[in-house]
file my_file-v5.cif (mmCIF, C-alpha atoms and all ligand atoms)
data_upload
loop_
_atom_site.label_atom_id
_atom_site.label_comp_id
_atom_site.auth_asym_id
_atom_site.auth_seq_id
_atom_site.Cartn_x
_atom_site.Cartn_y
_atom_site.Cartn_z
CA CYS A 1125 88.37 133.70 118.27
CA SER A 1126 84.75 132.63 118.04
CA SER A 1127 82.20 132.61 120.85
CA THR A 1128 80.26 129.48 119.90
CA ALA A 1129 82.94 126.85 119.44
CA LYS A 1130 82.05 124.12 116.99
CA SER A 1131 82.83 120.58 118.04
CA TYR A 1132 83.51 117.48 115.95
CA ASN A 1133 84.13 113.83 116.79
CA ILE A 1134 87.07 112.46 114.83
CA THR A 1135 87.97 108.77 114.77
CA LEU A 1136 91.72 108.29 114.52
CA LEU A 1137 92.92 104.97 113.14
CA PRO A 1138 96.72 105.00 113.45
CA GLY A 1139 97.16 101.39 112.29
CA ASP A 1140 100.54 99.90 111.51
CA GLY A 1141 104.11 100.86 110.67
CA ILE A 1142 104.52 104.61 110.21
CA GLY A 1143 100.76 105.07 110.72
CA PRO A 1144 100.98 105.96 114.43
CA GLU A 1145 103.90 108.35 113.79
CA VAL A 1146 102.13 110.36 111.08
CA ILE A 1147 98.74 110.31 112.84
CA SER A 1148 100.24 111.69 116.04
CA VAL A 1149 101.71 114.62 114.08
CA ALA A 1150 98.45 115.25 112.18
CA LYS A 1151 96.50 115.22 115.45
CA ASN A 1152 98.68 118.02 116.84
CA VAL A 1153 98.13 120.01 113.66
CA LEU A 1154 94.35 119.59 113.90
CA ASN A 1155 94.41 120.64 117.55
CA LEU A 1156 96.34 123.82 116.84
CA VAL A 1157 94.33 124.84 113.77
CA GLY A 1158 91.21 124.09 115.80
CA SER A 1159 92.26 126.40 118.61
CA ILE A 1160 93.05 129.15 116.08
CA GLN A 1161 89.73 128.77 114.21
CA GLY A 1162 87.53 128.13 117.24
CA ILE A 1163 86.88 124.46 116.45
CA GLU A 1164 87.01 121.70 119.05
CA PHE A 1165 88.03 118.20 118.04
CA LYS A 1166 87.16 115.20 120.18
CA PHE A 1167 89.49 112.39 119.14
CA ASN A 1168 88.65 108.75 119.52
CA GLU A 1169 91.65 106.54 118.80
CA MET A 1170 90.81 102.98 117.73
CA PRO A 1171 92.86 99.95 116.64
CA ILE A 1172 92.88 98.61 113.08
CA GLY A 1173 95.08 96.32 110.96
CA GLY A 1174 97.98 94.37 112.44
CA ALA A 1175 97.81 96.49 115.58
CA ALA A 1176 94.20 95.37 116.15
CA MET A 1177 95.14 91.78 115.31
CA ASP A 1178 97.61 91.82 118.20
CA LEU A 1179 94.99 93.12 120.61
CA SER A 1180 91.93 91.10 119.66
CA GLY A 1181 92.74 88.70 116.82
CA VAL A 1182 90.68 90.64 114.27
CA SER A 1183 91.94 93.38 112.00
CA LEU A 1184 88.74 95.42 111.95
CA PRO A 1185 87.10 95.06 115.38
CA GLU A 1186 83.36 95.73 115.58
CA GLU A 1187 83.98 98.62 118.03
CA THR A 1188 86.35 100.28 115.59
CA LEU A 1189 83.85 100.23 112.74
CA THR A 1190 81.04 101.38 115.04
CA ALA A 1191 83.13 104.26 116.37
CA ALA A 1192 84.08 105.24 112.81
CA LYS A 1193 80.46 105.19 111.65
CA GLN A 1194 79.32 107.31 114.57
CA SER A 1195 81.95 110.01 114.15
CA ASP A 1196 81.98 113.10 111.94
CA ALA A 1197 85.08 112.02 110.02
CA VAL A 1198 87.76 109.31 110.05
CA LEU A 1199 91.49 109.86 109.71
CA LEU A 1200 93.50 106.73 108.93
CA GLY A 1201 97.27 106.24 109.06
CA ALA A 1202 98.17 103.01 107.30
CA ILE A 1203 97.44 99.29 107.46
CA GLY A 1204 99.74 96.32 106.94
CA ARG A 1205 102.83 94.69 108.33
CA TYR A 1206 105.55 92.41 107.02
CA LYS A 1207 104.54 90.02 109.75
CA TRP A 1208 101.13 89.59 108.13
CA ASP A 1209 102.45 89.76 104.58
CA LYS A 1210 104.42 86.60 105.18
CA MET A 1211 101.30 84.67 106.13
CA GLU A 1212 99.26 82.63 103.69
CA ARG A 1213 96.89 84.76 101.63
CA HIS A 1214 93.76 83.35 103.34
CA ASP A 1215 95.24 84.23 106.74
CA LEU A 1216 96.00 87.75 105.68
CA LYS A 1217 93.23 89.37 107.65
CA ALA A 1218 95.03 92.68 108.16
CA ASP A 1219 95.02 93.16 104.42
CA THR A 1220 91.23 93.28 104.03
CA SER A 1221 90.39 95.57 106.94
CA LEU A 1222 90.68 98.60 104.67
CA LEU A 1223 88.18 97.11 102.18
CA HIS A 1224 85.79 96.33 105.05
CA LEU A 1225 86.23 99.78 106.53
CA ARG A 1226 85.45 101.40 103.16
CA GLY A 1227 82.48 99.06 102.71
CA GLY A 1228 81.22 99.72 106.24
CA LEU A 1229 81.40 103.48 105.74
CA LYS A 1230 79.87 103.12 102.24
CA VAL A 1231 82.42 105.49 100.74
CA PHE A 1232 82.11 105.43 96.95
CA ALA A 1233 84.19 108.35 95.65
CA ASN A 1234 87.91 108.48 96.19
CA LEU A 1235 89.42 111.93 95.60
CA ARG A 1236 93.15 112.08 94.95
CA PRO A 1237 94.63 115.48 94.29
CA VAL A 1238 97.91 115.44 92.37
CA LEU A 1239 99.57 118.73 93.02
CA VAL A 1240 103.15 119.56 92.16
CA LEU A 1241 104.37 122.11 94.67
CA PRO A 1242 106.84 124.64 93.26
CA GLN A 1243 109.23 123.81 96.11
CA LEU A 1244 109.37 120.14 95.09
CA VAL A 1245 109.57 120.31 91.30
CA ASP A 1246 112.99 118.66 91.44
CA SER A 1247 111.66 115.66 93.41
CA SER A 1248 109.88 114.29 90.33
CA THR A 1249 111.54 111.81 88.01
CA LEU A 1250 109.87 113.59 85.09
CA LYS A 1251 111.24 116.70 83.41
CA LYS A 1252 110.74 120.02 85.16
CA GLU A 1253 108.82 121.51 82.18
CA VAL A 1254 106.39 118.59 82.28
CA VAL A 1255 105.57 118.64 85.99
CA GLU A 1256 105.85 122.32 86.89
CA GLY A 1257 102.38 123.64 87.70
CA VAL A 1258 100.57 120.28 87.59
CA ASP A 1259 97.35 120.51 89.58
CA LEU A 1260 94.84 117.79 88.87
CA MET A 1261 92.23 115.79 90.75
CA ILE A 1262 91.57 112.11 90.14
CA ILE A 1263 88.20 110.79 91.25
CA ARG A 1264 88.09 107.02 91.45
CA GLU A 1265 84.87 105.03 91.87
CA LEU A 1266 85.26 102.71 94.87
CA THR A 1267 82.32 100.31 95.13
CA GLY A 1268 81.86 98.62 91.76
CA ASP A 1269 83.85 97.13 88.91
CA ILE A 1270 85.83 93.95 88.41
CA TYR A 1271 86.78 93.65 92.11
CA PHE A 1272 83.22 92.91 93.21
CA GLY A 1273 81.30 91.79 90.09
CA LYS A 1274 79.91 88.27 89.82
CA PRO A 1275 80.52 85.63 88.54
CA LYS A 1276 84.08 85.41 89.79
CA GLY A 1277 86.36 82.55 90.70
CA TYR A 1278 88.17 79.59 89.23
CA GLY A 1279 86.83 76.85 87.05
CA THR A 1280 87.10 74.91 83.84
CA ASP A 1281 85.99 76.05 80.39
CA GLU A 1282 84.12 73.97 77.78
CA ASN A 1283 87.43 72.55 76.51
CA GLY A 1284 88.54 71.45 79.94
CA ASN A 1285 91.06 74.28 80.39
CA GLU A 1286 91.51 75.65 83.88
CA ILE A 1287 90.41 79.28 84.07
CA GLY A 1288 90.21 82.21 86.45
CA PHE A 1289 87.57 84.88 85.89
CA ASN A 1290 86.21 88.18 87.17
CA THR A 1291 83.35 90.27 85.88
CA GLU A 1292 83.14 94.02 85.53
CA VAL A 1293 79.71 95.18 86.67
CA TYR A 1294 78.44 98.72 87.07
CA ALA A 1295 74.98 99.78 88.14
CA ALA A 1296 73.62 103.07 86.81
CA TYR A 1297 73.29 104.50 90.34
CA GLU A 1298 76.96 103.77 91.06
CA ILE A 1299 78.12 105.66 87.98
CA ASP A 1300 75.62 108.50 88.43
CA ARG A 1301 76.60 109.28 92.02
CA VAL A 1302 80.34 109.37 91.38
CA ALA A 1303 79.79 111.34 88.16
CA ARG A 1304 77.87 113.99 90.13
CA ILE A 1305 80.74 114.30 92.64
CA ALA A 1306 83.11 114.67 89.69
CA PHE A 1307 81.03 117.35 87.97
CA GLU A 1308 80.66 119.25 91.26
CA THR A 1309 84.42 119.03 91.79
CA ALA A 1310 85.23 120.13 88.23
CA ARG A 1311 82.81 123.04 88.60
CA LYS A 1312 84.71 124.29 91.67
CA ARG A 1313 88.04 123.88 89.87
CA SER A 1314 88.65 124.92 86.25
CA GLY A 1315 85.38 123.55 84.84
CA LYS A 1316 86.97 120.74 82.82
CA LEU A 1317 86.13 117.08 83.41
CA CYS A 1318 87.73 114.14 81.61
CA SER A 1319 86.04 110.75 81.96
CA ILE A 1320 88.36 107.82 81.34
CA ASP A 1321 87.09 104.46 80.11
CA LYS A 1322 87.63 101.72 77.55
CA ALA A 1323 84.34 102.26 75.75
CA ASN A 1324 85.75 101.11 72.41
CA VAL A 1325 85.79 97.48 73.60
CA LEU A 1326 84.10 96.98 77.00
CA GLU A 1327 80.33 97.02 77.47
CA ALA A 1328 80.63 98.12 81.11
CA SER A 1329 82.75 101.04 79.88
CA MET A 1330 80.22 101.93 77.17
CA PHE A 1331 77.56 102.00 79.87
CA TRP A 1332 79.87 104.15 82.04
CA ARG A 1333 80.25 106.66 79.20
CA LYS A 1334 76.50 106.68 78.49
CA ARG A 1335 75.67 107.45 82.14
CA VAL A 1336 78.35 110.14 82.46
CA ILE A 1337 76.93 111.84 79.35
CA ALA A 1338 73.41 111.56 80.79
CA ILE A 1339 74.50 113.22 84.04
CA SER A 1340 76.40 115.94 82.13
CA VAL A 1341 73.12 117.65 81.16
CA GLU A 1342 72.81 118.71 84.81
CA TYR A 1343 76.14 120.52 84.50
CA PRO A 1344 76.08 122.55 81.27
CA ASP A 1345 78.83 124.81 82.62
CA VAL A 1346 81.32 121.91 82.86
CA GLU A 1347 83.23 120.94 79.73
CA LEU A 1348 83.17 117.13 79.48
CA SER A 1349 85.63 115.08 77.46
CA HIS A 1350 86.31 111.34 77.20
CA MET A 1351 89.54 109.44 76.82
CA PHE A 1352 90.43 105.78 76.49
CA VAL A 1353 92.47 104.50 79.40
CA ASP A 1354 95.48 103.39 77.37
CA ASN A 1355 95.80 106.84 75.86
CA ALA A 1356 95.21 108.46 79.27
CA ALA A 1357 98.06 106.45 80.80
CA MET A 1358 100.34 107.86 78.13
CA GLN A 1359 99.01 111.42 78.26
CA LEU A 1360 99.42 111.55 82.05
CA VAL A 1361 103.19 111.35 81.81
CA ARG A 1362 103.50 113.07 78.42
CA ASN A 1363 101.56 116.21 79.33
CA PRO A 1364 99.76 116.01 82.70
CA LYS A 1365 98.85 119.69 82.53
CA GLN A 1366 96.16 118.98 79.91
CA PHE A 1367 94.02 117.48 82.73
CA ASP A 1368 92.07 119.19 85.45
CA THR A 1369 89.50 116.80 86.94
CA ILE A 1370 89.48 113.11 85.98
CA VAL A 1371 86.73 110.62 86.79
CA THR A 1372 87.17 106.92 86.21
CA ASN A 1373 86.12 103.48 87.35
CA ASN A 1374 87.58 101.48 90.22
CA ILE A 1375 90.35 99.55 88.47
CA PHE A 1376 91.47 102.27 86.06
CA GLY A 1377 91.47 104.73 88.97
CA ASP A 1378 93.65 102.40 91.01
CA ILE A 1379 96.27 102.23 88.27
CA LEU A 1380 96.11 105.81 87.01
CA SER A 1381 96.33 107.36 90.46
CA ASP A 1382 99.47 105.39 91.29
CA GLU A 1383 100.93 106.48 87.98
CA ALA A 1384 99.95 110.09 88.64
CA SER A 1385 101.49 110.03 92.11
CA MET A 1386 104.91 109.68 90.51
CA ILE A 1387 104.46 113.02 88.77
CA THR A 1388 104.77 114.71 92.14
CA GLY A 1389 107.91 112.90 93.25
CA SER A 1390 107.09 111.42 96.64
CA ILE A 1391 104.31 109.16 97.81
CA GLY A 1392 104.87 110.83 101.19
CA MET A 1393 103.16 114.00 99.94
CA LEU A 1394 99.81 112.73 98.65
CA PRO A 1395 96.55 112.83 100.60
CA SER A 1396 93.19 111.29 99.72
CA ALA A 1397 89.53 111.55 100.65
CA SER A 1398 86.87 108.86 100.30
CA LEU A 1399 83.33 110.17 100.48
CA ALA A 1400 79.93 108.59 101.11
CA ALA A 1401 76.44 109.82 100.18
CA SER A 1402 75.90 110.57 103.87
CA GLY A 1403 77.86 109.85 107.00
CA PRO A 1404 81.55 110.30 107.70
CA GLY A 1405 84.24 110.39 105.03
CA LEU A 1406 87.51 108.47 105.26
CA PHE A 1407 90.71 110.45 104.91
CA GLU A 1408 94.16 108.90 104.53
CA PRO A 1409 97.56 109.35 102.94
CA ILE A 1410 97.91 107.27 99.77
CA HIS A 1411 101.09 105.63 101.01
CA GLY A 1412 101.21 102.36 102.95
CA SER A 1413 102.65 101.49 106.33
CA ALA A 1414 106.27 101.64 105.08
CA PRO A 1415 107.63 98.98 107.47
CA ASP A 1416 111.15 99.64 106.14
CA ILE A 1417 111.26 103.04 107.88
CA ALA A 1418 108.74 102.47 110.69
CA GLY A 1419 109.77 103.45 114.20
CA GLN A 1420 112.76 105.44 112.93
CA ASP A 1421 111.17 108.89 112.86
CA LYS A 1422 111.86 109.13 109.12
CA ALA A 1423 108.34 109.20 107.67
CA ASN A 1424 107.10 112.24 105.81
CA PRO A 1425 103.96 113.32 107.73
CA LEU A 1426 102.83 115.84 105.08
CA ALA A 1427 100.53 113.40 103.21
CA THR A 1428 98.65 112.79 106.47
CA ILE A 1429 98.63 116.48 107.42
CA LEU A 1430 97.21 117.26 103.95
CA SER A 1431 94.68 114.44 104.46
CA ALA A 1432 93.63 116.21 107.66
CA ALA A 1433 93.16 119.35 105.55
CA MET A 1434 90.94 117.36 103.15
CA LEU A 1435 89.02 116.08 106.18
CA LEU A 1436 88.33 119.67 107.23
CA LYS A 1437 87.34 120.79 103.74
CA HIS A 1438 85.45 117.82 102.29
CA GLY A 1439 84.40 116.10 105.51
CA LEU A 1440 83.42 118.98 107.77
CA GLY A 1441 83.07 121.97 105.43
CA GLU A 1442 85.73 123.86 107.39
CA LYS A 1443 87.44 125.37 104.36
CA LYS A 1444 89.23 128.17 106.22
CA ALA A 1445 90.93 125.78 108.60
CA ALA A 1446 91.86 123.53 105.66
CA ASP A 1447 93.40 126.43 103.73
CA ARG A 1448 95.39 127.36 106.81
CA ILE A 1449 96.94 123.90 107.01
CA GLU A 1450 97.81 123.89 103.30
CA LEU A 1451 99.47 127.29 103.64
CA ALA A 1452 101.43 126.10 106.67
CA VAL A 1453 102.73 123.11 104.69
CA LEU A 1454 103.86 125.39 101.85
CA ASN A 1455 105.48 127.75 104.34
CA THR A 1456 107.36 124.90 106.01
CA LEU A 1457 108.72 123.79 102.64
CA ASP A 1458 109.58 127.42 101.80
CA ARG A 1459 111.65 127.52 104.97
CA GLY A 1460 113.64 124.59 103.61
CA PHE A 1461 112.49 121.72 105.85
CA ARG A 1462 112.51 118.31 104.14
CA THR A 1463 112.12 114.69 105.23
CA SER A 1464 114.49 112.28 103.49
CA ASP A 1465 112.02 111.25 100.74
CA ILE A 1466 111.87 114.84 99.41
CA TYR A 1467 115.33 115.99 100.46
CA SER A 1468 117.63 117.70 98.00
CA LEU A 1469 120.96 119.41 98.62
CA GLY A 1470 120.84 122.75 100.42
CA ASN A 1471 117.71 121.96 102.42
CA LYS A 1472 117.29 121.06 106.09
CA LEU A 1473 116.87 117.33 106.63
CA VAL A 1474 114.43 116.59 109.46
CA GLY A 1475 112.50 113.61 110.84
CA CYS A 1476 108.78 113.07 111.14
CA LYS A 1477 108.37 114.77 114.53
CA GLU A 1478 110.47 117.81 113.65
CA MET A 1479 108.58 118.25 110.37
CA GLY A 1480 105.38 118.25 112.42
CA GLU A 1481 106.82 120.85 114.83
CA GLN A 1482 107.75 123.07 111.90
CA VAL A 1483 104.24 122.86 110.44
CA LEU A 1484 102.88 123.90 113.88
CA LYS A 1485 105.26 126.85 113.83
CA SER A 1486 104.07 127.84 110.36
CA LEU A 1487 100.45 127.65 111.54
CA ASP A 1488 100.90 130.07 114.39
P1 LIG B 1501 100.81 99.09 100.99
O1 LIG B 1501 100.72 97.72 100.45
O2 LIG B 1501 100.42 99.18 102.42
O3 LIG B 1501 100.19 100.13 100.11
P2 LIG B 1501 103.33 99.48 99.79
O4 LIG B 1501 104.09 98.22 99.71
O5 LIG B 1501 102.60 99.94 98.60
O6 LIG B 1501 102.36 99.42 101.03
P3 LIG B 1501 104.44 101.78 101.13
O7 LIG B 1501 104.26 101.34 102.51
O8 LIG B 1501 103.57 102.89 100.65
O9 LIG B 1501 104.38 100.56 100.15
O10 LIG B 1501 105.96 102.17 100.89
C1 LIG B 1501 106.56 102.24 99.60
C2 LIG B 1501 107.89 102.96 99.72
O11 LIG B 1501 107.67 104.34 99.96
C3 LIG B 1501 108.75 102.45 100.88
O12 LIG B 1501 110.10 102.45 100.52
C4 LIG B 1501 108.50 103.46 101.97
O13 LIG B 1501 109.57 103.62 102.86
C5 LIG B 1501 108.24 104.75 101.19
N1 LIG B 1501 107.27 105.60 101.89
C6 LIG B 1501 105.95 105.37 102.02
N2 LIG B 1501 105.37 106.32 102.75
C7 LIG B 1501 106.33 107.19 103.09
C8 LIG B 1501 106.34 108.40 103.84
N3 LIG B 1501 105.26 108.91 104.43
N4 LIG B 1501 107.53 109.02 104.00
C9 LIG B 1501 108.64 108.53 103.44
N5 LIG B 1501 108.69 107.41 102.73
C10 LIG B 1501 107.55 106.73 102.54
MG MG B 1502 100.64 100.48 97.97
#

call {"tool": "encode", "arguments": {"input": "my_file-v5.cif", "output": "structure tokens", "more": "lines below"}}
Ligand code: ATP
Ligand code: MG
result
Amino acid sequence: CSSTAKSYNITLLPGDGIGPEVISVAKNVLNLVGSIQGIEFKFNEMPIGGAAMDLSGVSLPEETLTAAKQSDAVLLGAIGRYKWDKMERHDLKADTSLLHLRGGLKVFANLRPVLVLPQLVDSSTLKKEVVEGVDLMIIRELTGDIYFGKPKGYGTDENGNEIGFNTEVYAAYEIDRVARIAFETARKRSGKLCSIDKANVLEASMFWRKRVIAISVEYPDVELSHMFVDNAAMQLVRNPKQFDTIVTNNIFGDILSDEASMITGSIGMLPSASLAASGPGLFEPIHGSAPDIAGQDKANPLATILSAAMLLKHGLGEKKAADRIELAVLNTLDRGFRTSDIYSLGNKLVGCKEMGEQVLKSLD
């Protein structure tokens, strides 16, 4: 019980599909941990994605972005609906609201912890010996690379062949700032950082490696290594325990983090944090809106609850409250509660709401 209660403004973006279900659970968890730790949360719930489309015809309304920018941190559920997926690509406005939200918040470093909990070792499709004890952090650059580089488009080459093209571009400042986040993160973990690139063939990757090495002189206590992305893809499933902190560019990070998520078994367990140089961070589960199970109280809310823990730790510097949430999640799993995505025989099968209730119980 603290006398001077701290207060934070949190923008909640429930979004589509299971988004509202998991956000509602995570909100309750934040409220309870707040009351235990003497922290007040003022929630501002705003529409995004298909849900916003229904209300106003745009997937990222101006007011939503403004509210997000003005808050201390943003917690997002998920974006995307079948309804929109069936539309023509150029009509698919709900699909780009996440890119615009990230751009608007200027988040450039995406942190994805890949942690195999002892209680869920059997959920992985990989062998127990391989996944047991895996605890790594993937840091993906979010603003540069082949997604945004110019020239891009369609055209015709000198022989009259039709072509499509994109360009990988990285500015030194983009690499430097994400590298610093990676070194800082590695320093707080086991002190090992692996930078993943394709510097044997790509100039943008050679430049990436050169900048990472340049920044490494600021962190003599961190052991830096480099790996080519093709080898890294293999090593991640062969022996993931050799990694601690990984830093990589936008496209390799996209692919490697999806690959790494399978080490842990369920996409319903994995949180993420996207951080900016200043201003609020964006915190969200790595899963999508899961329309196949939406509205059925089946979603695993733990990825969003763990994203709320990342929000406390990385977004607000409230490490104690974050640790409390993580412990409560472990305790809930210890007591045998499982949603269907992580269920195995002998455990207690529960829905989204009940899982949330059990985490609240573990918090108390
Ligand atoms: P997006 O394009 O929005 O990323 P996606 O097509 O990649 O979406 P998801 O929405 O993440 O896919 O769903 C993939 C599968 O994982 C679905 O079968 C879904 O039911 C399941 N899934 C996703 N999130 C959860 C969760 N929190 N709990 C249980 N199952 C989930
Ligand atoms: Mg997806």

call {"tool": "residues_near_ligand", "arguments": {"input": "my_file-v5.cif", "ligand": "ligand MG 1502 (chain B)", "cutoff": "10 Å", "atoms": "only C-alpha atoms and all ligand atoms", "output": "list in words"}}
result
Ala1202, Gly1204, Asp1382, Ile1391, Ile1410, His1411, Gly1412, Ser1413 and Ala1414 of chain A

call {"tool": "axis_aligned_box", "arguments": {"input": "my_file-v5.cif", "around": "ligand LIG 1501 (chain B)", "padding_each_side": "4 Å", "output": "AutoDock Vina command-line options"}}
result
--center_x 105.1 --center_y 103.4 --center_z 101.5 --size_x 17.9 --size_y 19.3 --size_z 13.8

call {"tool": "residues_near_ligand", "arguments": {"input": "my_file-v5.cif", "ligand": "ligand LIG 1501 (chain B)", "cutoff": "9 Å", "atoms": "only C-alpha atoms and all ligand atoms", "output": "ChimeraX atom specification"}}
result
/A:1141-1143,1146,1202-1205,1219,1390-1394,1409-1418,1422-1428,1463-1466,1476

call {"tool": "closest_residue", "arguments": {"input": "my_file-v5.cif", "among": "A:Asp1458, A:Asp1269, A:Glu1347, A:Asp1246", "to": "A:Gly1389", "atoms": "all atoms listed in the file"}}
result
A:Asp1246

call {"tool": "residues_around", "arguments": {"input": "my_file-v5.cif", "residues": "stretch 1224-1238 of chain A", "least_positions_apart": "4", "cutoff": "6 Å", "atoms": "only C-alpha atoms", "output": "list of chain:residue names"}}
result
A:Asp1259, A:Leu1260, A:Met1261, A:Ile1262, A:Ile1263, A:Arg1264, A:Glu1265, A:Leu1266, A:Thr1267, A:Val1302, A:Ser1396, A:Ala1397, A:Ser1398, A:Leu1399, A:Ala1400

call {"tool": "write_last_selection", "arguments": {"input": "my_file-v5.cif", "atoms": "C-alpha atoms", "output": "PDB file, in the coordinates of the input"}}
result
ATOM      1  CA  ASP A1259      97.350 120.510  89.580  1.00  0.00           C
ATOM      2  CA  LEU A1260      94.840 117.790  88.870  1.00  0.00           C
ATOM      3  CA  MET A1261      92.230 115.790  90.750  1.00  0.00           C
ATOM      4  CA  ILE A1262      91.570 112.110  90.140  1.00  0.00           C
ATOM      5  CA  ILE A1263      88.200 110.790  91.250  1.00  0.00           C
ATOM      6  CA  ARG A1264      88.090 107.020  91.450  1.00  0.00           C
ATOM      7  CA  GLU A1265      84.870 105.030  91.870  1.00  0.00           C
ATOM      8  CA  LEU A1266      85.260 102.710  94.870  1.00  0.00           C
ATOM      9  CA  THR A1267      82.320 100.310  95.130  1.00  0.00           C
ATOM     10  CA  VAL A1302      80.340 109.370  91.380  1.00  0.00           C
ATOM     11  CA  SER A1396      93.190 111.290  99.720  1.00  0.00           C
ATOM     12  CA  ALA A1397      89.530 111.550 100.650  1.00  0.00           C
ATOM     13  CA  SER A1398      86.870 108.860 100.300  1.00  0.00           C
ATOM     14  CA  LEU A1399      83.330 110.170 100.480  1.00  0.00           C
ATOM     15  CA  ALA A1400      79.930 108.590 101.110  1.00  0.00           C
TER      16      ALA A1400
END

call {"tool": "residues_around", "arguments": {"input": "my_file-v5.cif", "residues": "A:Arg1462", "least_positions_apart": "4", "cutoff": "6 Å", "atoms": "all atoms listed in the file", "output": "list in words"}}
result
Ile1466, Tyr1467, Lys1472, Leu1473 and Val1474 of chain A

call {"tool": "residues_near_point", "arguments": {"input": "my_file-v5.cif", "point": "(77.9, 109.6, 112.8)", "cutoff": "10 Å", "atoms": "all atoms listed in the file", "output": "PyMOL selection string"}}
result
chain A and resi 1133-1134+1190-1197+1229+1402-1404

call {"tool": "residues_around", "arguments": {"input": "my_file-v5.cif", "residues": "A:Glu1327", "least_positions_apart": "4", "cutoff": "10 Å", "atoms": "all atoms listed in the file", "output": "ChimeraX atom specification"}}
result
/A:1292-1294,1322-1323,1331-1333

call {"tool": "atom_distance", "arguments": {"input": "my_file-v5.cif", "atom1": "atom CA of A:Lys1477", "atom2": "atom CA of A:Ile1429"}}
result
12.2 Å

call {"tool": "atom_distance", "arguments": {"input": "my_file-v5.cif", "atom1": "atom CA of A:Gln1482", "atom2": "atom CA of A:Val1153"}}
result
10.2 Å

call {"tool": "atom_distance", "arguments": {"input": "my_file-v5.cif", "atom1": "atom CA of A:Phe1289", "atom2": "atom CA of A:Phe1272"}}
result
11.7 Å

call {"tool": "residues_around", "arguments": {"input": "my_file-v5.cif", "residues": "A:Asn1324", "least_positions_apart": "5", "cutoff": "10 Å", "atoms": "only C-alpha atoms", "output": "PyMOL selection string"}}
result
chain A and resi 1329-1330+1352

call {"tool": "closest_residue", "arguments": {"input": "my_file-v5.cif", "among": "A:Leu1244, A:Ala1452, A:Gly1475, A:Gly1257", "to": "A:Phe1367", "atoms": "all atoms listed in the file"}}
result
A:Gly1257

call {"tool": "closest_residue", "arguments": {"input": "my_file-v5.cif", "among": "A:Thr1369, A:Leu1326, A:Ile1379, A:His1350", "to": "A:Lys1312", "atoms": "all atoms listed in the file"}}
result
A:Thr1369

call {"tool": "residues_around", "arguments": {"input": "my_file-v5.cif", "residues": "stretch 1430-1437 of chain A", "least_positions_apart": "6", "cutoff": "6 Å", "atoms": "only C-alpha atoms", "output": "CSV table (one decimal) with C-alpha atoms, keeping the file's coordinate frame"}}
result
chain,number,residue,atom,x,y,z
A,1395,PRO,CA,96.6,112.8,100.6
A,1396,SER,CA,93.2,111.3,99.7
A,1407,PHE,CA,90.7,110.4,104.9
A,1408,GLU,CA,94.2,108.9,104.5
A,1443,LYS,CA,87.4,125.4,104.4
A,1446,ALA,CA,91.9,123.5,105.7

call {"tool": "residues_near_point", "arguments": {"input": "my_file-v5.cif", "point": "(88.4, 121.9, 116.5)", "cutoff": "8 Å", "atoms": "only C-alpha atoms", "output": "list of chain:residue names"}}
result
A:Ala1129, A:Lys1130, A:Ser1131, A:Tyr1132, A:Leu1154, A:Asn1155, A:Val1157, A:Gly1158, A:Ser1159, A:Gln1161, A:Gly1162, A:Ile1163, A:Glu1164, A:Phe1165, A:Lys1166

call {"tool": "closest_residue", "arguments": {"input": "my_file-v5.cif", "among": "A:Ala1357, A:Val1346, A:Glu1481, A:Thr1220", "to": "A:Ser1148", "atoms": "only C-alpha atoms"}}
result
A:Glu1481
